[in-house]
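Asker: One file is attached below, structure33.cif, containing mmCIF, C-alpha atoms.
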```cif
data_upload
#
loop_
_atom_site.label_atom_id
_atom_site.label_comp_id
_atom_site.auth_asym_id
_atom_site.auth_seq_id
_atom_site.Cartn_x
_atom_site.Cartn_y
_atom_site.Cartn_z
CA MET A 217 -35.83 -31.63 67.41
CA LEU A 218 -33.40 -29.02 66.06
CA PRO A 219 -35.91 -27.26 63.76
CA PHE A 220 -38.28 -27.00 66.75
CA LEU A 221 -35.58 -25.33 68.87
CA LEU A 222 -34.76 -22.87 66.09
CA ARG A 223 -38.45 -21.98 65.70
CA GLN A 224 -38.61 -21.34 69.43
CA LEU A 225 -35.57 -19.08 69.22
CA LYS A 226 -37.16 -17.04 66.41
CA ASN A 227 -40.57 -16.92 68.13
CA PRO A 228 -39.89 -16.96 71.88
CA VAL A 229 -42.75 -17.53 74.28
CA VAL A 230 -43.56 -14.45 76.39
CA PHE A 231 -44.31 -15.01 80.09
CA GLU A 232 -46.00 -12.46 82.34
CA ALA A 233 -43.93 -11.58 85.36
CA PRO A 234 -45.68 -11.91 88.77
CA VAL A 235 -46.51 -8.76 90.79
CA TYR A 236 -44.86 -8.46 94.18
CA ILE A 237 -46.11 -6.31 97.10
CA ASN A 238 -43.75 -4.79 99.61
CA PRO A 239 -44.76 -6.43 102.95
CA GLU A 240 -43.61 -3.39 104.98
CA THR A 241 -45.38 -0.67 103.02
CA ASN A 242 -48.09 -2.83 101.46
CA GLU A 243 -47.36 -1.03 98.17
CA ILE A 244 -46.57 -2.20 94.68
CA PRO A 245 -43.09 -1.11 93.58
CA THR A 246 -43.33 1.84 91.20
CA ALA A 247 -41.99 1.94 87.67
CA PRO A 248 -38.86 3.95 86.84
CA LYS A 249 -39.28 7.65 87.45
CA SER A 250 -38.83 8.66 83.83
CA GLU A 251 -40.00 7.08 80.60
CA ALA A 252 -36.54 7.67 79.16
CA THR A 253 -34.92 5.59 81.92
CA PHE A 254 -37.45 2.80 81.46
CA SER A 255 -36.99 2.85 77.71
CA LEU A 256 -33.22 2.76 78.08
CA ASN A 257 -33.34 -0.17 80.48
CA PHE A 258 -35.75 -2.05 78.24
CA THR A 259 -33.59 -1.43 75.17
CA ARG A 260 -30.51 -2.71 76.96
CA MET A 261 -32.35 -5.82 78.11
CA LYS A 262 -33.70 -6.41 74.59
CA LYS A 263 -30.21 -6.12 73.11
CA GLN A 264 -28.86 -8.57 75.68
CA VAL A 265 -31.61 -11.08 74.90
CA CYS A 266 -31.09 -10.74 71.14
CA PHE A 267 -27.33 -11.03 71.63
CA SER A 268 -27.77 -14.25 73.63
CA VAL A 269 -30.19 -15.74 71.11
CA ALA A 270 -27.87 -14.92 68.23
CA HIS A 271 -24.95 -16.56 70.02
CA LEU A 272 -27.04 -19.66 70.75
CA GLN A 273 -28.00 -19.94 67.09
CA VAL A 274 -24.36 -19.67 66.05
CA LEU A 275 -23.41 -22.30 68.62
CA LEU A 276 -26.05 -24.68 67.29
CA LEU A 277 -24.83 -24.18 63.72
CA VAL A 278 -21.25 -24.87 64.81
CA VAL A 279 -22.33 -28.08 66.53
CA ILE A 280 -24.22 -29.21 63.41
CA PHE A 281 -21.25 -28.39 61.18
CA MET A 282 -18.82 -30.29 63.42
CA ALA A 283 -21.09 -33.34 63.52
CA PHE A 284 -21.43 -33.29 59.73
CA THR A 285 -17.72 -32.90 59.03
CA THR A 286 -16.91 -35.62 61.57
CA ALA A 287 -19.26 -38.06 59.83
CA GLU A 288 -17.87 -37.10 56.41
CA GLY A 289 -14.33 -37.47 57.64
CA GLN A 290 -14.78 -41.01 58.88
CA THR A 291 -12.49 -43.37 57.02
CA CYS A 292 -12.01 -47.08 56.72
CA ARG A 293 -8.82 -47.88 58.59
CA PRO A 294 -6.50 -50.83 57.93
CA SER A 295 -7.38 -54.00 59.83
CA GLY A 296 -3.97 -55.65 59.55
CA ARG A 297 -0.97 -56.35 57.34
CA VAL A 298 0.26 -59.06 54.98
CA ARG A 299 3.96 -59.75 54.56
CA GLY A 300 5.00 -60.12 50.96
CA ARG A 301 6.93 -63.14 49.78
CA LYS A 302 8.72 -63.90 46.56
CA PRO A 303 6.33 -65.57 44.09
CA PRO A 304 7.38 -68.98 42.74
CA LYS A 305 8.69 -68.89 39.21
CA ASN A 306 5.98 -68.06 36.64
CA GLN A 307 3.31 -68.00 39.36
CA CYS A 308 2.62 -64.26 39.37
CA ASN A 309 0.58 -63.14 36.38
CA THR A 310 1.53 -59.60 35.39
CA ASP A 311 -1.05 -59.23 32.62
CA ASN A 312 -2.82 -55.84 32.49
CA GLY A 313 0.02 -54.27 34.48
CA ALA A 314 -0.68 -56.29 37.64
CA ASP A 315 1.87 -56.03 40.46
CA CYS A 316 3.57 -58.96 42.15
CA CYS A 317 4.17 -59.04 45.88
CA LYS A 318 7.62 -57.92 46.96
CA GLU A 319 9.44 -60.11 49.42
CA GLY A 320 9.55 -58.61 52.91
CA HIS A 321 7.21 -55.73 52.06
CA PHE A 322 4.14 -55.25 54.26
CA TYR A 323 0.78 -54.56 52.66
CA SER A 324 -2.19 -53.11 54.54
CA THR A 325 -5.40 -55.15 54.66
CA TYR A 326 -8.96 -53.88 55.04
CA GLU A 327 -12.20 -55.48 56.16
CA CYS A 328 -14.21 -52.38 55.25
CA SER A 329 -14.64 -49.91 52.41
CA PRO A 330 -15.75 -46.26 52.29
CA PRO A 331 -19.53 -45.68 52.70
CA VAL A 332 -21.59 -46.20 49.55
CA SER A 333 -23.53 -43.24 48.19
CA GLY A 334 -25.10 -42.21 44.91
CA HIS A 335 -21.63 -41.25 43.68
CA THR A 336 -19.11 -43.39 45.53
CA LYS A 337 -15.54 -42.50 44.63
CA ALA A 338 -13.36 -45.41 43.55
CA ILE A 339 -10.42 -46.49 41.44
CA LEU A 340 -11.26 -48.50 38.34
CA THR A 341 -8.71 -51.20 37.57
CA ILE A 342 -8.68 -53.93 34.94
CA ASN A 343 -8.95 -57.65 35.56
CA ASP A 344 -8.87 -60.79 33.44
CA PHE A 345 -11.80 -62.94 34.59
CA GLN A 346 -10.97 -65.79 32.22
CA LYS A 347 -9.15 -69.00 33.14
CA ASP A 348 -5.39 -68.50 33.59
CA GLY A 349 -5.97 -64.73 33.73
CA ASP A 350 -4.44 -62.42 36.30
CA GLY A 351 -7.63 -62.69 38.34
CA GLY A 352 -6.41 -65.98 39.80
CA ALA A 353 -9.16 -68.28 41.12
CA PRO A 354 -12.69 -68.52 39.67
CA SER A 355 -15.18 -65.80 40.60
CA GLU A 356 -16.40 -66.06 44.16
CA CYS A 357 -20.06 -65.47 43.37
CA ASP A 358 -20.55 -68.57 41.25
CA GLY A 359 -17.24 -70.46 41.08
CA HIS A 360 -16.96 -69.82 37.33
CA TYR A 361 -14.68 -67.89 35.03
CA HIS A 362 -16.17 -65.11 32.91
CA SER A 363 -15.48 -63.76 29.45
CA ASN A 364 -13.72 -60.41 29.29
CA LYS A 365 -16.20 -59.46 26.58
CA LYS A 366 -18.91 -59.25 29.23
CA PRO A 367 -19.14 -56.21 31.55
CA VAL A 368 -18.35 -57.78 34.92
CA VAL A 369 -16.54 -56.46 37.99
CA ALA A 370 -15.01 -57.43 41.30
CA LEU A 371 -15.45 -55.11 44.28
CA SER A 372 -13.24 -54.45 47.29
CA THR A 373 -14.16 -56.59 50.30
CA GLY A 374 -16.25 -53.98 52.10
CA TRP A 375 -18.32 -53.17 49.03
CA PHE A 376 -18.62 -56.86 48.10
CA ASN A 377 -20.32 -57.11 51.49
CA HIS A 378 -20.19 -60.86 52.15
CA MET A 379 -21.51 -61.69 48.65
CA LYS A 380 -24.62 -59.52 49.10
CA ARG A 381 -23.87 -57.74 45.81
CA CYS A 382 -23.30 -60.97 43.88
CA HIS A 383 -24.91 -60.86 40.41
CA LYS A 384 -26.30 -57.40 41.11
CA PHE A 385 -25.60 -54.54 38.73
CA ILE A 386 -23.78 -51.30 39.40
CA ASN A 387 -23.43 -48.13 37.34
CA ILE A 388 -19.89 -46.92 36.73
CA HIS A 389 -19.37 -43.26 35.84
CA GLY A 390 -16.11 -42.17 34.22
CA ASN A 391 -14.67 -40.38 31.19
CA GLY A 392 -18.01 -38.64 30.72
CA ARG A 393 -19.81 -41.94 30.20
CA THR A 394 -21.68 -44.56 32.21
CA ALA A 395 -21.26 -48.34 32.02
CA ARG A 396 -23.45 -50.98 33.61
CA ALA A 397 -21.72 -54.07 34.97
CA MET A 398 -22.55 -57.14 37.03
CA VAL A 399 -20.72 -57.99 40.26
CA VAL A 400 -19.26 -61.49 40.04
CA ASP A 401 -16.24 -61.45 42.32
CA GLU A 402 -14.47 -59.94 45.31
CA CYS A 403 -11.30 -57.91 45.02
CA ASP A 404 -9.94 -59.27 48.28
CA SER A 405 -8.76 -56.51 50.62
CA THR A 406 -8.09 -58.90 53.50
CA MET A 407 -5.59 -61.33 51.94
CA GLY A 408 -2.98 -61.53 49.20
CA CYS A 409 0.52 -62.62 48.21
CA ASP A 410 -0.54 -66.27 47.89
CA LYS A 411 -1.47 -68.71 45.12
CA GLU A 412 -5.21 -68.05 45.42
CA HIS A 413 -4.59 -64.37 44.73
CA ALA A 414 -2.01 -64.96 41.98
CA TYR A 415 0.74 -63.71 44.34
CA GLN A 416 -0.56 -60.19 44.01
CA PRO A 417 -0.94 -57.72 46.92
CA PRO A 418 -4.31 -57.28 48.68
CA CYS A 419 -6.70 -54.87 47.01
CA THR A 420 -7.05 -51.47 48.56
CA ASN A 421 -10.49 -50.72 49.99
CA ASN A 422 -11.75 -48.59 47.09
CA ILE A 423 -11.36 -50.76 43.99
CA VAL A 424 -13.77 -51.61 41.19
CA ASP A 425 -11.87 -54.25 39.21
CA ALA A 426 -13.45 -54.44 35.77
CA SER A 427 -13.28 -56.54 32.62
CA LYS A 428 -12.11 -55.05 29.31
CA ALA A 429 -15.75 -54.75 28.23
CA VAL A 430 -16.33 -52.12 30.95
CA TRP A 431 -13.31 -50.10 29.88
CA GLU A 432 -14.44 -50.20 26.30
CA ALA A 433 -17.96 -49.10 27.32
CA LEU A 434 -16.40 -46.07 29.02
CA GLY A 435 -14.52 -45.26 25.81
CA ILE A 436 -11.00 -45.71 27.20
CA PRO A 437 -8.59 -46.92 24.47
CA GLU A 438 -5.89 -49.41 25.43
CA ASN A 439 -3.15 -46.99 24.43
CA SER A 440 -4.50 -44.31 26.78
CA PRO A 441 -2.49 -43.43 29.91
CA ASP A 442 -5.76 -43.92 31.84
CA TRP A 443 -6.04 -47.56 30.75
CA GLY A 444 -5.92 -49.80 33.82
CA TRP A 445 -6.18 -47.05 36.46
CA LEU A 446 -8.96 -44.46 36.40
CA GLU A 447 -10.73 -42.39 39.05
CA ILE A 448 -14.46 -43.03 38.80
CA THR A 449 -17.68 -42.97 40.81
CA TRP A 450 -20.15 -45.83 41.05
CA SER A 451 -23.60 -46.54 42.42
CA ASP A 452 -25.95 -49.48 42.77
CA ALA A 453 -28.09 -49.82 39.65
#
```
Kindly return the structure encoded in the file as structure tokens.

Answerer:
Amino acid sequence: MLPFLLRQLKNPVVFEAPVYINPETNEIPTAPKSEATFSLNFTRMKKQVCFSVAHLQVLLLVVIFMAFTTAEGQTCRPSGRVRGRKPPKNQCNTDNGADCCKEGHFYSTYECSPPVSGHTKAILTINDFQKDGDGGAPSECDGHYHSNKKPVVALSTGWFNHMKRCHKFINIHGNGRTARAMVVDECDSTMGCDKEHAYQPPCTNNIVDASKAVWEALGIPENSPDWGWLEITWSDA
């Protein structure tokens, strides 16, 4: 619809004005006395029309820009909070730098994640998918544990999308490289600070939690300051 309106603005339709006859004199009104006056009036009218059209085009562009920036600026807002509690002794696994819930601290929960695109921004974290690892319970997709030597990931709740990405592959772009990994679990953004989640806080809504094999595929050494927390982009494979 918008391209049609713009074409009409650039190529306006010209209508012929009707001719009126003075009922008292039965004469057609005469044109301006001088060509100069007529030309001046026509020029002024033309400038006014062009000025109005130009303003309308600018207005349309502003509306388009505002709609675009509004859509881009939409964010996934917290859906609730979880109150932290002190983990029982030896119940919080801190492998791979994992955090334990702090008693009395409130953690935001999310039921959504940012929109997925060809280059979705995310934070890559590291997870132990093996039994007794910091990942806690078995993977949600199949109820099994997975070797850290295999490139597997867990996605934040919104991206996990009610298991619709289970056993599907994603491409992870970071450190100038690309790794391909299979989705096997959810990085729960809606719950946390309990036994099922190894007494760790809920995931934020933009996490790709990956096995060591993914980090190695991206060429990140374990002694690197980026190990365990890296800004990346990802896409469905």

Asker: With all atoms listed in the file as the counted atoms, please give the residues lying no more than 6 Å from A:Phe385, apart from itself and same-chain residues fewer than 3 positions off, as an NGL selection string.

Answerer: :A and (397-398 or 453)

Asker: Could you write out the selected residues, including C-alpha atoms, as a JSON list (two decimals), keeping the file's coordinate frame?

Answerer:
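Output saved as selection00.json:
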```json
[["chain", "number", "residue", "atom", "x", "y", "z"],
["A", 397, "ALA", "CA", -21.72, -54.07, 34.97],
["A", 398, "MET", "CA", -22.55, -57.14, 37.03],
["A", 453, "ALA", "CA", -28.09, -49.82, 39.65]]
```

Asker: To one decimal place, how far is atom CA of A:Lys366 from atom CA of A:Cys409 in Å?

Answerer: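 Separating atom CA of A:Lys366 from atom CA of A:Cys409 is a distance of 27.4 Å.
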
Asker: Please write as an MDAnalysis selection string the full residue list that the PyMOL selection byres ((chain A and resi 296) around 6) yields on this file.

Answerer: chainID A and resid 294:295 297 324:325

Asker: Excluding stretch 374-384 of chain A and any residue of its chain fewer than 4 positions from it, enumerate the residues within 12 Å of it, using all atoms listed in the file, and give them as number ranges by chain.

Answerer: A: 292-295, 325-333, 336-338, 355-359, 367-370, 396-406, 419-425, 450-453

Asker: Any idea what the distance is between atom CA of A:Ala414 and atom CA of A:Leu340?

Answerer: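 Between these atoms lies a distance of 19.2 Å.
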
Asker: Give me, please, the distance in Å between atom CA of A:Ala429 and atom CA of A:Gly334, quoted to one decimal.

Answerer: 22.9 Å

Asker: With 12 Å as the threshold, what does the neighbourhood of (-1.3, -63.9, 31.1) contain in terms of residues, counting only C-alpha atoms? Coordinates are those of the file; answer as a list in words.

Answerer: Asn306, Gln307, Cys308, Asn309, Thr310, Asp311, Asn312, Gly313, Ala314, Asn343, Asp344, Phe345, Gln346, Lys347, Asp348, Gly349, Asp350, Gly351, Gly352 and Ala414 of chain A

Asker: Pick out the closest residue to A:Leu371 from this set: A:Asp442, A:Ile386, A:Ala395, A:His321. Count only C-alpha atoms.

Answerer: A:Ile386

Asker: Once you count all atoms listed in the file, which residues end up no further than 12 Å from (7.1, -69.1, 46.8) in the file's frame, shown as a PDB file with C-alpha atoms, keeping the file's coordinate frame?

Answerer:
```pdb
ATOM      1  CA  GLY A 300       5.000 -60.120  50.960  1.00  0.00           C
ATOM      2  CA  ARG A 301       6.930 -63.140  49.780  1.00  0.00           C
ATOM      3  CA  LYS A 302       8.720 -63.900  46.560  1.00  0.00           C
ATOM      4  CA  PRO A 303       6.330 -65.570  44.090  1.00  0.00           C
ATOM      5  CA  PRO A 304       7.380 -68.980  42.740  1.00  0.00           C
ATOM      6  CA  LYS A 305       8.690 -68.890  39.210  1.00  0.00           C
ATOM      7  CA  ASN A 306       5.980 -68.060  36.640  1.00  0.00           C
ATOM      8  CA  GLN A 307       3.310 -68.000  39.360  1.00  0.00           C
ATOM      9  CA  CYS A 308       2.620 -64.260  39.370  1.00  0.00           C
ATOM     10  CA  CYS A 316       3.570 -58.960  42.150  1.00  0.00           C
ATOM     11  CA  CYS A 317       4.170 -59.040  45.880  1.00  0.00           C
ATOM     12  CA  LYS A 318       7.620 -57.920  46.960  1.00  0.00           C
ATOM     13  CA  GLU A 319       9.440 -60.110  49.420  1.00  0.00           C
ATOM     14  CA  CYS A 409       0.520 -62.620  48.210  1.00  0.00           C
ATOM     15  CA  ASP A 410      -0.540 -66.270  47.890  1.00  0.00           C
ATOM     16  CA  LYS A 411      -1.470 -68.710  45.120  1.00  0.00           C
ATOM     17  CA  ALA A 414      -2.010 -64.960  41.980  1.00  0.00           C
ATOM     18  CA  TYR A 415       0.740 -63.710  44.340  1.00  0.00           C
TER      19      TYR A 415
END
```
